[in-house]
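Heads up, the thing below is written out as structure tokens.
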Amino acid sequence: MKPRDLVELFVLAAIWGASFLLMRIAAPALGAFPLMALRVGLAAVVLLPLLALQGGLGILLRRWKALLVVGFFASALPFVFYGYALQSVSAGLASIVNATTPLFTALVAWAWLNDRLTGTALAGMLLGLCGVVVLVWGQASFSAGGSGWAVLACLGATLSYGIAAALTKRHLTGVPPMATATGSQFFAALVLLAPAIASWPAQLPGVEVWLAVVVLAVVCTGLAYVIFFRLMASVGPSRTVTVTFLIPAFGMFWGAVVLDETISLRMLLGCGVILAGTGLATGVLARLPWRARRPD
């Protein structure tokens with residue numbers, strides 16, 4: 001991996017880690033549907049001109065059905081889940097649960113696309129889920145004031161990402177990545193438009209919230225997609241997916257620095273177990289350079 005690629009990987013992790021902070025700031029004031037409609041709508045406004053410069057707007061018309069479904073599972077549904085969850089749980093906790101995305105991606109691919117699931121991968125999935133249990137132990141109450149529903153919403157978001165990955169592989173293979181990114185945001189905005197209008201807050205929030213919305217849409221969604229797909233083309237999917245290991249660190253960091261959130265020992269332990277399970281399930285640990293090599 002070239003130095004530029006490594007820098008961009010860390011920048012992408014920092015940006016996506018910050019998205020949990022920005023959602024934590026904006027979600028309580030705007031609500032899940034209005035916030036996420038603004039997020040995907042503004043992101044589409046950023047990405048559409050870039051796609052137009054590449055001559056790819058026609059793809060949105062030809063593949064609109066597949067892009068609509070992928071947009072629902074890749075953006076509309078998981079974003080709303082996070083918008084709901086981050087009204088009550090910390091940005092750091094949500095970013096840690098987000099690290100289970102590759103686990104659900106592998107599980108959905110096995111169940112739906114008949115991808116091979118090794119014993120190591122299965123053990124990694126179980127370990128990752130144990131990490132979630134460690135993370136929320138003693139907090140995941142479903143009574144008033146508990147975080148049980150919020151944690152389930154975070155897990156629902158990561159499962160939705162896994163379904164979106166399978167749908168993309170099955171129905172959008174060969175479609176340029178920028179067209180997939182732009183189309184998914186555009187159609188997600190259409191899906192969320194009506195519920196956003198219906199639940200629009202009676203009292204508009206202050207300037208801080210609107211700034212969070214703009215940065216969330218333009219930087220954490222629009223710009224992040226550009227960096228993500230450049231890395232996919234430059235270093236390949238297997239290396240790009242390692243960004244998943246960096247996001248929780250940045251999510252906890254931004255939450256602690258900006259919102260004075262507490263980073264507890266349980267959060268660190270749960271994060272470590274989840275990342276270890278993710279590494280086993282995705283095979284990333286097997287590809288790390290520090291693994292001992294057999295002597296020649």
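Letters A, B, ... go to the chains of the structure tokens in the order shown; residues in each chain start at 1; ligands are counted from 1 in the same order.
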
Listing only residues of segment 73-119 of chain A within 12 Å of segment 197-219 of chain A, what is the closest atom pair and its distance in Å (to one decimal) for each, using only C-alpha atoms, sorted by chain and residue number ascending, as a tab-separated table?
residue	atom	partner	partner_atom	distance
A:Ser75	CA	A:Ala217	CA	11.9
A:Phe79	CA	A:Leu216	CA	11.4
A:Gly83	CA	A:Val213	CA	11.8

Take the residues from that selection and write them out as a PDB file, in the first residue's frame, keeping all heavy atoms.
ATOM      1  N   SER A  75     -28.508   2.706   2.489  1.00  0.00           N
ATOM      2  CA  SER A  75     -28.499   4.046   3.061  1.00  0.00           C
ATOM      3  C   SER A  75     -29.767   4.367   3.857  1.00  0.00           C
ATOM      4  O   SER A  75     -29.695   4.683   5.048  1.00  0.00           O
ATOM      5  CB  SER A  75     -28.308   5.094   1.951  1.00  0.00           C
ATOM      6  OG  SER A  75     -27.056   4.944   1.316  1.00  0.00           O
ATOM      7  N   PHE A  79     -29.335   4.201   7.904  1.00  0.00           N
ATOM      8  CA  PHE A  79     -29.163   5.562   8.407  1.00  0.00           C
ATOM      9  C   PHE A  79     -30.279   5.919   9.389  1.00  0.00           C
ATOM     10  O   PHE A  79     -30.035   6.548  10.418  1.00  0.00           O
ATOM     11  CB  PHE A  79     -29.136   6.556   7.250  1.00  0.00           C
ATOM     12  CG  PHE A  79     -27.860   6.545   6.441  1.00  0.00           C
ATOM     13  CD1 PHE A  79     -27.716   7.363   5.334  1.00  0.00           C
ATOM     14  CD2 PHE A  79     -26.812   5.711   6.784  1.00  0.00           C
ATOM     15  CE1 PHE A  79     -26.554   7.357   4.589  1.00  0.00           C
ATOM     16  CE2 PHE A  79     -25.641   5.693   6.038  1.00  0.00           C
ATOM     17  CZ  PHE A  79     -25.506   6.524   4.941  1.00  0.00           C
ATOM     18  N   GLY A  83     -30.015   6.968  13.141  1.00  0.00           N
ATOM     19  CA  GLY A  83     -30.637   8.206  13.580  1.00  0.00           C
ATOM     20  C   GLY A  83     -31.493   8.006  14.814  1.00  0.00           C
ATOM     21  O   GLY A  83     -31.549   8.868  15.698  1.00  0.00           O
TER      22      GLY A  83
END

For Ala14 of chain A, find every residue with an atom within 12 Å (counting only C-alpha atoms), except residues of its own chain fewer than 5 positions away, and show them as a PDB file with N, CA and C atoms, in the first residue's frame.
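For reference, around_35.pdb as written:
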ATOM      1  N   VAL A   7      -2.617   7.080   3.911  1.00  0.00           N
ATOM      2  CA  VAL A   7      -3.145   8.345   4.440  1.00  0.00           C
ATOM      3  C   VAL A   7      -4.647   8.440   4.182  1.00  0.00           C
ATOM      4  N   GLU A   8      -5.066   8.095   2.969  1.00  0.00           N
ATOM      5  CA  GLU A   8      -6.483   8.176   2.637  1.00  0.00           C
ATOM      6  C   GLU A   8      -7.308   7.184   3.460  1.00  0.00           C
ATOM      7  N   LEU A   9      -6.731   6.031   3.774  1.00  0.00           N
ATOM      8  CA  LEU A   9      -7.437   5.055   4.601  1.00  0.00           C
ATOM      9  C   LEU A   9      -7.719   5.635   5.988  1.00  0.00           C
ATOM     10  N   SER A  19     -18.816  10.705  11.638  1.00  0.00           N
ATOM     11  CA  SER A  19     -20.239  10.689  11.276  1.00  0.00           C
ATOM     12  C   SER A  19     -21.107  10.320  12.477  1.00  0.00           C
ATOM     13  N   PHE A  20     -20.605   9.460  13.361  1.00  0.00           N
ATOM     14  CA  PHE A  20     -21.378   9.078  14.550  1.00  0.00           C
ATOM     15  C   PHE A  20     -21.496  10.264  15.511  1.00  0.00           C
ATOM     16  N   LEU A  21     -20.438  11.048  15.622  1.00  0.00           N
ATOM     17  CA  LEU A  21     -20.498  12.262  16.433  1.00  0.00           C
ATOM     18  C   LEU A  21     -21.541  13.230  15.881  1.00  0.00           C
ATOM     19  N   SER A  95     -20.339   3.474  17.062  1.00  0.00           N
ATOM     20  CA  SER A  95     -19.248   3.219  16.112  1.00  0.00           C
ATOM     21  C   SER A  95     -18.626   1.843  16.342  1.00  0.00           C
ATOM     22  N   VAL A 219     -19.307  15.858   3.650  1.00  0.00           N
ATOM     23  CA  VAL A 219     -18.000  15.260   3.934  1.00  0.00           C
ATOM     24  C   VAL A 219     -18.120  13.771   4.242  1.00  0.00           C
ATOM     25  N   CYS A 220     -18.987  13.421   5.220  1.00  0.00           N
ATOM     26  CA  CYS A 220     -19.052  12.035   5.699  1.00  0.00           C
ATOM     27  C   CYS A 220     -19.793  11.108   4.739  1.00  0.00           C
ATOM     28  N   ALA A 224     -16.678  11.079   1.385  1.00  0.00           N
ATOM     29  CA  ALA A 224     -16.229   9.760   1.850  1.00  0.00           C
ATOM     30  C   ALA A 224     -16.399   8.704   0.770  1.00  0.00           C
ATOM     31  N   ILE A 227     -13.505   8.985  -1.741  1.00  0.00           N
ATOM     32  CA  ILE A 227     -12.279   8.388  -1.206  1.00  0.00           C
ATOM     33  C   ILE A 227     -12.388   6.874  -1.172  1.00  0.00           C
ATOM     34  N   VAL A 243     -10.623  -0.464   6.865  1.00  0.00           N
ATOM     35  CA  VAL A 243     -11.087   0.787   7.467  1.00  0.00           C
ATOM     36  C   VAL A 243     -12.045   0.499   8.618  1.00  0.00           C
ATOM     37  N   THR A 244     -12.724  -0.655   8.549  1.00  0.00           N
ATOM     38  CA  THR A 244     -13.653  -1.048   9.606  1.00  0.00           C
ATOM     39  C   THR A 244     -12.950  -1.135  10.962  1.00  0.00           C
ATOM     40  N   PHE A 245     -11.680  -1.500  10.962  1.00  0.00           N
ATOM     41  CA  PHE A 245     -10.939  -1.662  12.206  1.00  0.00           C
ATOM     42  C   PHE A 245     -10.547  -0.311  12.818  1.00  0.00           C
ATOM     43  N   LEU A 246     -10.521   0.729  11.999  1.00  0.00           N
ATOM     44  CA  LEU A 246     -10.086   2.038  12.464  1.00  0.00           C
ATOM     45  C   LEU A 246     -11.240   2.932  12.914  1.00  0.00           C
ATOM     46  N   ILE A 247     -12.438   2.702  12.361  1.00  0.00           N
ATOM     47  CA  ILE A 247     -13.573   3.581  12.643  1.00  0.00           C
ATOM     48  C   ILE A 247     -13.918   3.644  14.132  1.00  0.00           C
ATOM     49  N   PRO A 248     -13.982   2.513  14.868  1.00  0.00           N
ATOM     50  CA  PRO A 248     -14.327   2.623  16.301  1.00  0.00           C
ATOM     51  C   PRO A 248     -13.371   3.506  17.089  1.00  0.00           C
ATOM     52  N   ALA A 249     -12.087   3.438  16.764  1.00  0.00           N
ATOM     53  CA  ALA A 249     -11.118   4.271  17.486  1.00  0.00           C
ATOM     54  C   ALA A 249     -11.428   5.748  17.272  1.00  0.00           C
ATOM     55  N   PHE A 250     -11.707   6.115  16.023  1.00  0.00           N
ATOM     56  CA  PHE A 250     -12.025   7.512  15.743  1.00  0.00           C
ATOM     57  C   PHE A 250     -13.393   7.888  16.307  1.00  0.00           C
ATOM     58  N   GLY A 251     -14.351   6.954  16.256  1.00  0.00           N
ATOM     59  CA  GLY A 251     -15.671   7.241  16.807  1.00  0.00           C
ATOM     60  C   GLY A 251     -15.605   7.546  18.287  1.00  0.00           C
ATOM     61  N   MET A 252     -14.847   6.724  19.040  1.00  0.00           N
ATOM     62  CA  MET A 252     -14.685   6.971  20.473  1.00  0.00           C
ATOM     63  C   MET A 252     -13.897   8.258  20.724  1.00  0.00           C
ATOM     64  N   PHE A 253     -12.885   8.507  19.892  1.00  0.00           N
ATOM     65  CA  PHE A 253     -12.058   9.704  20.065  1.00  0.00           C
ATOM     66  C   PHE A 253     -12.878  10.974  19.882  1.00  0.00           C
ATOM     67  N   TRP A 254     -13.631  11.056  18.774  1.00  0.00           N
ATOM     68  CA  TRP A 254     -14.429  12.262  18.508  1.00  0.00           C
ATOM     69  C   TRP A 254     -15.487  12.455  19.601  1.00  0.00           C
ATOM     70  N   GLY A 255     -16.124  11.364  20.012  1.00  0.00           N
ATOM     71  CA  GLY A 255     -17.139  11.467  21.051  1.00  0.00           C
ATOM     72  C   GLY A 255     -16.565  11.978  22.362  1.00  0.00           C
TER      73      GLY A 255
END

Spatial neighbours of segment 30-37 of chain A, 6 Å, only C-alpha atoms, chain gap at least 5 places, as a PDB file with C-alpha atoms, in the first residue's frame:
ATOM      1  CA  VAL A  80     -32.622   5.799   9.973  1.00  0.00           C
ATOM      2  CA  GLY A  83     -30.637   8.206  13.580  1.00  0.00           C
ATOM      3  CA  TYR A  84     -32.951   6.526  16.070  1.00  0.00           C
ATOM      4  CA  ALA A 189     -33.518  10.435  -0.604  1.00  0.00           C
ATOM      5  CA  LEU A 192     -37.138   9.116   2.904  1.00  0.00           C
ATOM      6  CA  ALA A 196     -39.207  13.188   6.618  1.00  0.00           C
ATOM      7  CA  TRP A 200     -40.436  17.385  10.359  1.00  0.00           C
TER       8      TRP A 200
END

d(atom CA of Arg24 of chain A, atom CA of Leu190 of chain A) in Å: 23.5 Å

Distance of atom CA of Ile274 of chain A from atom CA of Thr120 of chain A, expressed in Å to one decimal place: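 Between atom CA of Thr120 of chain A and atom CA of Ile274 of chain A the gap works out to 14.6 Å.
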
Between atom CA of Ala188 of chain A and atom CA of Ala76 of chain A, distance in Å (one decimal): 5.0 Å

Helix (DSSP H, G or I) residues, from DSSP on the backbone, in segment 151-182 of chain A, as number ranges by chain: A: 151-171, 177-182

Long-range neighbours of segment 97-109 of chain A as a list in words, 7 Å cut-off, only C-alpha atoms, 6 positions minimum in chain: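 Here the qualifying residues turn out to be Asp115, Met125, Gly128, Val132, Cys154, Leu155, Thr158, Leu159, Tyr161, Gly162, Ile163, Ala165, Ala166, Thr244, Phe245, Ile274, Leu275, Thr278, Ala281 and Thr282 of chain A.
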
Produce a file of the selected residues containing all heavy atoms, as a CSV table (one decimal), in the first residue's frame.
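The resulting selection22.csv:
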chain,number,residue,atom,x,y,z
A,115,ASP,N,-21.8,-18.2,-0.6
A,115,ASP,CA,-20.4,-18.1,-0.4
A,115,ASP,C,-19.9,-19.0,0.6
A,115,ASP,O,-20.6,-19.4,1.6
A,115,ASP,CB,-20.1,-16.6,0.0
A,115,ASP,CG,-20.1,-15.6,-1.1
A,115,ASP,OD1,-20.5,-16.0,-2.2
A,115,ASP,OD2,-19.7,-14.5,-0.9
A,125,MET,N,-17.5,-14.9,13.7
A,125,MET,CA,-18.8,-14.4,13.9
A,125,MET,C,-19.3,-14.5,15.3
A,125,MET,O,-19.9,-13.5,15.9
A,125,MET,CB,-19.8,-15.0,12.9
A,125,MET,CG,-19.6,-14.7,11.5
A,125,MET,SD,-20.8,-15.5,10.4
A,125,MET,CE,-20.1,-15.0,8.8
A,128,GLY,N,-17.4,-12.2,17.5
A,128,GLY,CA,-17.9,-10.8,17.3
A,128,GLY,C,-19.2,-10.5,18.1
A,128,GLY,O,-19.3,-9.5,18.7
A,132,VAL,N,-20.2,-7.9,21.2
A,132,VAL,CA,-21.4,-7.0,21.4
A,132,VAL,C,-22.0,-7.2,22.8
A,132,VAL,O,-22.4,-6.3,23.4
A,132,VAL,CB,-22.4,-7.3,20.3
A,132,VAL,CG1,-23.7,-6.5,20.5
A,132,VAL,CG2,-21.9,-6.9,18.9
A,154,CYS,N,-28.8,-0.4,16.0
A,154,CYS,CA,-27.4,-0.4,15.5
A,154,CYS,C,-27.1,-1.7,14.8
A,154,CYS,O,-26.5,-1.8,13.7
A,154,CYS,CB,-26.4,-0.1,16.6
A,154,CYS,SG,-26.5,1.5,17.3
A,155,LEU,N,-27.5,-2.8,15.4
A,155,LEU,CA,-27.3,-4.1,14.8
A,155,LEU,C,-28.2,-4.3,13.5
A,155,LEU,O,-27.7,-4.9,12.5
A,155,LEU,CB,-27.6,-5.3,15.8
A,155,LEU,CG,-26.7,-5.4,17.0
A,155,LEU,CD1,-27.2,-6.4,18.0
A,155,LEU,CD2,-25.3,-5.8,16.5
A,158,THR,N,-26.3,-2.7,10.7
A,158,THR,CA,-25.2,-3.4,10.2
A,158,THR,C,-25.7,-4.6,9.4
A,158,THR,O,-25.1,-5.0,8.3
A,158,THR,CB,-24.2,-3.9,11.3
A,158,THR,OG1,-25.0,-4.7,12.2
A,158,THR,CG2,-23.6,-2.7,12.0
A,159,LEU,N,-26.8,-5.2,9.8
A,159,LEU,CA,-27.4,-6.3,9.0
A,159,LEU,C,-27.9,-5.8,7.7
A,159,LEU,O,-27.7,-6.4,6.6
A,159,LEU,CB,-28.6,-6.9,9.8
A,159,LEU,CG,-29.4,-8.0,9.0
A,159,LEU,CD1,-28.6,-9.1,8.5
A,159,LEU,CD2,-30.6,-8.4,9.9
A,161,TYR,N,-26.6,-3.3,6.0
A,161,TYR,CA,-25.4,-3.1,5.2
A,161,TYR,C,-25.0,-4.4,4.5
A,161,TYR,O,-24.6,-4.5,3.3
A,161,TYR,CB,-24.3,-2.6,6.0
A,161,TYR,CG,-24.3,-1.1,6.4
A,161,TYR,CD1,-23.9,-0.7,7.7
A,161,TYR,CD2,-24.8,-0.2,5.5
A,161,TYR,CE1,-24.0,0.6,8.0
A,161,TYR,CE2,-24.9,1.2,5.9
A,161,TYR,CZ,-24.5,1.6,7.2
A,161,TYR,OH,-24.6,2.9,7.5
A,162,GLY,N,-25.1,-5.5,5.3
A,162,GLY,CA,-24.8,-6.8,4.7
A,162,GLY,C,-25.7,-7.2,3.6
A,162,GLY,O,-25.3,-7.8,2.6
A,163,ILE,N,-27.0,-7.0,3.8
A,163,ILE,CA,-28.0,-7.3,2.7
A,163,ILE,C,-27.7,-6.4,1.5
A,163,ILE,O,-27.7,-6.9,0.3
A,163,ILE,CB,-29.4,-7.0,3.2
A,163,ILE,CG1,-29.7,-8.0,4.3
A,163,ILE,CG2,-30.4,-7.1,2.1
A,163,ILE,CD1,-31.1,-7.7,5.0
A,165,ALA,N,-24.8,-5.3,0.5
A,165,ALA,CA,-23.6,-5.8,-0.2
A,165,ALA,C,-24.0,-7.0,-1.1
A,165,ALA,O,-23.5,-7.1,-2.2
A,165,ALA,CB,-22.6,-6.2,0.8
A,166,ALA,N,-24.9,-7.9,-0.6
A,166,ALA,CA,-25.3,-9.0,-1.4
A,166,ALA,C,-26.1,-8.6,-2.6
A,166,ALA,O,-26.0,-9.1,-3.7
A,166,ALA,CB,-26.1,-10.0,-0.5
A,244,THR,N,-12.7,-0.7,8.5
A,244,THR,CA,-13.7,-1.0,9.6
A,244,THR,C,-13.0,-1.1,11.0
A,244,THR,O,-13.6,-0.9,12.0
A,244,THR,CB,-14.3,-2.4,9.3
A,244,THR,OG1,-14.9,-2.3,8.0
A,244,THR,CG2,-15.3,-2.8,10.3
A,245,PHE,N,-11.7,-1.5,11.0
A,245,PHE,CA,-10.9,-1.7,12.2
A,245,PHE,C,-10.5,-0.3,12.8
A,245,PHE,O,-10.3,-0.2,14.0
A,245,PHE,CB,-9.7,-2.5,12.0
A,245,PHE,CG,-9.9,-3.9,11.7
A,245,PHE,CD1,-10.3,-4.3,10.4
A,245,PHE,CD2,-9.9,-4.9,12.7
A,245,PHE,CE1,-10.5,-5.7,10.1
A,245,PHE,CE2,-10.1,-6.2,12.4
A,245,PHE,CZ,-10.5,-6.6,11.1
A,274,ILE,N,-14.9,-7.6,19.4
A,274,ILE,CA,-15.6,-7.4,18.1
A,274,ILE,C,-14.6,-7.4,16.9
A,274,ILE,O,-14.8,-8.0,15.9
A,274,ILE,CB,-16.5,-6.2,18.1
A,274,ILE,CG1,-17.7,-6.4,19.0
A,274,ILE,CG2,-17.0,-5.8,16.7
A,274,ILE,CD1,-18.5,-5.1,19.3
A,275,LEU,N,-13.6,-6.6,17.1
A,275,LEU,CA,-12.6,-6.5,16.0
A,275,LEU,C,-11.9,-7.8,15.8
A,275,LEU,O,-11.5,-8.1,14.6
A,275,LEU,CB,-11.6,-5.3,16.3
A,275,LEU,CG,-12.2,-3.9,16.3
A,275,LEU,CD1,-11.1,-2.9,16.6
A,275,LEU,CD2,-12.9,-3.6,15.0
A,278,THR,N,-14.3,-9.9,13.9
A,278,THR,CA,-14.4,-9.4,12.5
A,278,THR,C,-13.1,-9.8,11.7
A,278,THR,O,-13.2,-10.2,10.5
A,278,THR,CB,-14.5,-7.9,12.5
A,278,THR,OG1,-15.7,-7.5,13.2
A,278,THR,CG2,-14.6,-7.4,11.1
A,281,ALA,N,-13.5,-13.5,10.9
A,281,ALA,CA,-14.6,-13.8,9.9
A,281,ALA,C,-14.3,-13.3,8.5
A,281,ALA,O,-14.7,-14.0,7.5
A,281,ALA,CB,-15.9,-13.1,10.4
A,282,THR,N,-13.6,-12.2,8.4
A,282,THR,CA,-13.3,-11.7,7.1
A,282,THR,C,-11.9,-12.2,6.5
A,282,THR,O,-11.6,-11.9,5.3
A,282,THR,CB,-13.2,-10.2,7.1
A,282,THR,OG1,-12.2,-9.7,8.0
A,282,THR,CG2,-14.6,-9.6,7.5

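For the choices A:Leu269, A:Cys130, A:Ala43, A:Leu22, the atom-to-atom distance to Tyr225 of chain A is smallest for A:Ala43 when using only C-alpha atoms.
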
Which residue of A:Thr221, A:Thr168, A:Ser90, A:Thr118 approaches Val136 of chain A most closely, using only C-alpha atoms: A:Ser90

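The neighbours of Leu60 of chain A here are the residues that come within 10 Å of it, using only C-alpha atoms and leaving out any residue fewer than 3 positions away in the same chain; they are Leu51, Gly56, Leu57, Arg63, Trp64, Lys65, Ala66, Leu67, Leu68, Ala179, Thr180, Thr182, Gly183, Ser184, Phe186 and Phe187 of chain A.
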